[in-house]
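Scroll down for the structure; my scribbles are underneath it.
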Amino acid sequence: MTVRLIGSVYADGATALGDGDDGDTFTFESAYEPFQGSNNRNLSPNGLTNIIINSDSTDPCDVRIDAQNSGRCFVITNGEVVTIEYLSMINGNGNGGDGGGVYVWLSDVLLNHFIIRDCKATNWGGGIMVGNYASAELFNGLIHGNQASQSVSKYGGGICVYLNSTMVVDSCTVAGNSHNVNGFGGGIACYGNGDVTSKNSIYWGNTANSGKQIYIYSGPDSLVLDYCCYSNDTGDVYNNGTFTVTNSSITTNPLFVTGTNGDYYLSETASKQGSDSPCLDAGSASAVSLGLDDFTTRTDSVCDVDTVNIGYHYSPPTSEPTSAYFKCVLRCTHSYVMPEPQSGEIIIWNDRGDGQGDTWLLVKDYCKGITTKIKLTQVT
Ligand SMILES: [Ca+2]
């Protein structure tokens with residue numbers, strides 16, 4: 001087994017994978033991110049099995065595979081067995097086909113601690129498509145802002161499980177995915193004997209013509225929700241197969257709030273929001289037993305304790321906050337993103353959103369992979 005470093009040793013993902021052997025680990029180095037260009041998209045394991053593709057950070061926000069709308073992030077199609085973890089996969093495009101972010105066909109994939117966002121498919125599975133006797137296990141993933149059916153009526157804005165395939169979705173948030181026109185299953189769709197078992201996960205705020213959150217096409221297709229939170233208003237769930245919901249699942253608004261790394265933290269009075277999300281302590285087991293006690297759903301980055309919270313857990317910042325005093329008046333909350341080539345982000349952020357909470361200066365350095373968080377105190 002060889003660890004192949006992408007950045008310092010290999011110039012790009014395709015070159016590293018082309019050199020690889022079964023059982024290797026391929027590590028994208030955060031100092032060299034984002035990973036863009038033609039050799040960092042449509043990444044294929046080339047028939048390798050039992051390989052790990054990961055990053056050198058425990059925060060998937062630190063290392064982005066950015067397909068720049070010119071191809072998919074990963075294409076896994078040759079009976080491969082692959083683990084992908086601690087990575088963000090963004091701006092993937094199926095370019096006339098399925099699976100904009102990750103395309104899995106006749107292969108087995110494990111995705112851990114990951115983000116798939118802002119990907120598109122012309123047909124099925126905007127974020128991820130798993131099909132043709134394939135299997136996927138998703139753990140602690142955030143799948144948001146993806147889109148299927150760019151031109152025709154197809155299935156699965158975020159996720160599509162298709163043609164004799166299975167998926168396990170644990171501790172994930174599937175939100176804000178959509179269809180452009182007449183699509184089915186904004187969050188997740190099962191079609192052609194697609195079977196999904198989901199635990200500790202959120203399906204909320206997705207849009208589609210039918211089955212906005214969940215779409216189960218016909219008899220052979222099935223989806224099980226256990227300790228999940230999902231929207232169940234009119235048009236949210238289309239079921240023409242088997243839809244099983246345990247008593248522990250809930251249908252109340254998860255109350256997403258925006259924090260340092262994104263828009264899918266959970267509201268919590270202990271972190272100065274106005275109310276507690278119903279997803280707090282509503283999962284199936286302890287946070288420790290699931291390995292999520294080093295991760296957080298809170299905007300103040302305090303890690304999860306006791307019973308696991310439902311949904312995706314962010315990584316806490318890698319540096320401790322320090323206090324500073326500024327002689328200034330803050331007139332608004334504002335985010336400024338540096339122009340390409342992106343090297344960082346400077347954010348002035350109020351952790352309650354209504355100006356009544358604490359205000360922070362966040363400096364995110366993408367080159368070094370660190371976030372510095374400084375509490376701002378107004379001095380008169
Ligand atoms: Ca908890």
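Naming scheme: A, B, ... for chains in displayed order of the structure tokens; residues 1 onward per chain; ligands 1 onward as shown.
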
Residues of stretch 98-153 of chain A at most 12 Å from stretch 243-266 of chain A: nearest atom pair and distance in Å, only C-alpha atoms, as a tab-separated table:
residue	atom	partner	partner_atom	distance
A:Ile115	CA	A:Gly262	CA	10.8
A:Arg117	CA	A:Gly262	CA	11.2
A:Gly141	CA	A:Tyr264	CA	11.3
A:Leu142	CA	A:Tyr264	CA	8.4
A:Ile143	CA	A:Tyr264	CA	10.3
A:His144	CA	A:Tyr264	CA	9.3
A:Gly145	CA	A:Asp263	CA	11.0

Select from chain A every residue with an atom at most 6 Å from any atom of ligand 1, then for each give the shortest pair of atoms and their distance in Å to one decimal, using only C-alpha atoms and all ligand atoms, rows by chain and rising number, as CSV.
residue,atom,partner,partner_atom_place_in_ligand_line,distance
A:Leu280,CA,ligand 1,1 (Ca),5.5
A:Asp281,CA,ligand 1,1 (Ca),4.1
A:Asp304,CA,ligand 1,1 (Ca),4.8
A:Val305,CA,ligand 1,1 (Ca),4.4
A:Asp306,CA,ligand 1,1 (Ca),4.8
A:Thr307,CA,ligand 1,1 (Ca),4.5
A:Val308,CA,ligand 1,1 (Ca),4.2
A:Asn309,CA,ligand 1,1 (Ca),4.6

query: Could you pull the residues within 7 Å of A:Leu361, counting only C-alpha atoms, minus those fewer than 3 positions along the same chain, as a count of residues only?
result: 7

DSSP strand (DSSP E or B) selection over stretch 9-178 of chain A, as number ranges by chain: A: 10, 25-28, 35, 43, 49-55, 64-66, 74-76, 81-90, 93, 102-105, 108-117, 120, 128-131, 135-144, 147-148, 155, 159-162, 165-170, 173-175, 178

- prompt: Quick one: of A:Tyr191, A:Tyr162, A:Phe139, A:Tyr230, who's nearest to A:Ile216, counting only C-alpha atoms?
  reply: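 Using only C-alpha atoms, the shortest distance to A:Ile216 belongs to A:Tyr191.
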
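Of note, atom CA of A:Asn78 and atom CA of A:Ser38 are spaced 20.6 Å apart.
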
message: Give me the residues near A:Tyr215 as a VMD selection string, where near means some atom within 8 Å (using only C-alpha atoms) and where sequence neighbours in that chain fewer than 5 positions away do not count.
response: chain A and resid 156 184 to 186 188 to 190 210 237 to 239

message: Env of stretch 63-73 of chain A: 9 Å cut, atoms = only C-alpha atoms, seq-sep filter 2 positions within chain, self excluded. Answer as a VMD selection string.
response: chain A and resid 28 to 38 40 to 43 55 to 57 59 to 61 75 86 to 95 99 to 103 115 119 to 121 366 369

query: Which polymer residues have any atom within 6 Å of an atom of A:Leu106, counting only C-alpha atoms, with same-chain residues fewer than 4 positions away left out, as a PyMOL selection string?
result: chain A and resi 77+79+132-134

message: Considering only C-alpha atoms, can you say which of A:Thr207, A:Ser171, A:Thr234, A:Ser218 comes closest to A:Ala285?
response: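 Among the listed residues, A:Ser171 lies closest to A:Ala285.
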
task: Would you mind reading off the distance between atom CA of A:Asp293 and atom CA of A:Leu110, one decimal, in Å?
output: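 Between these atoms lies a distance of 20.6 Å.
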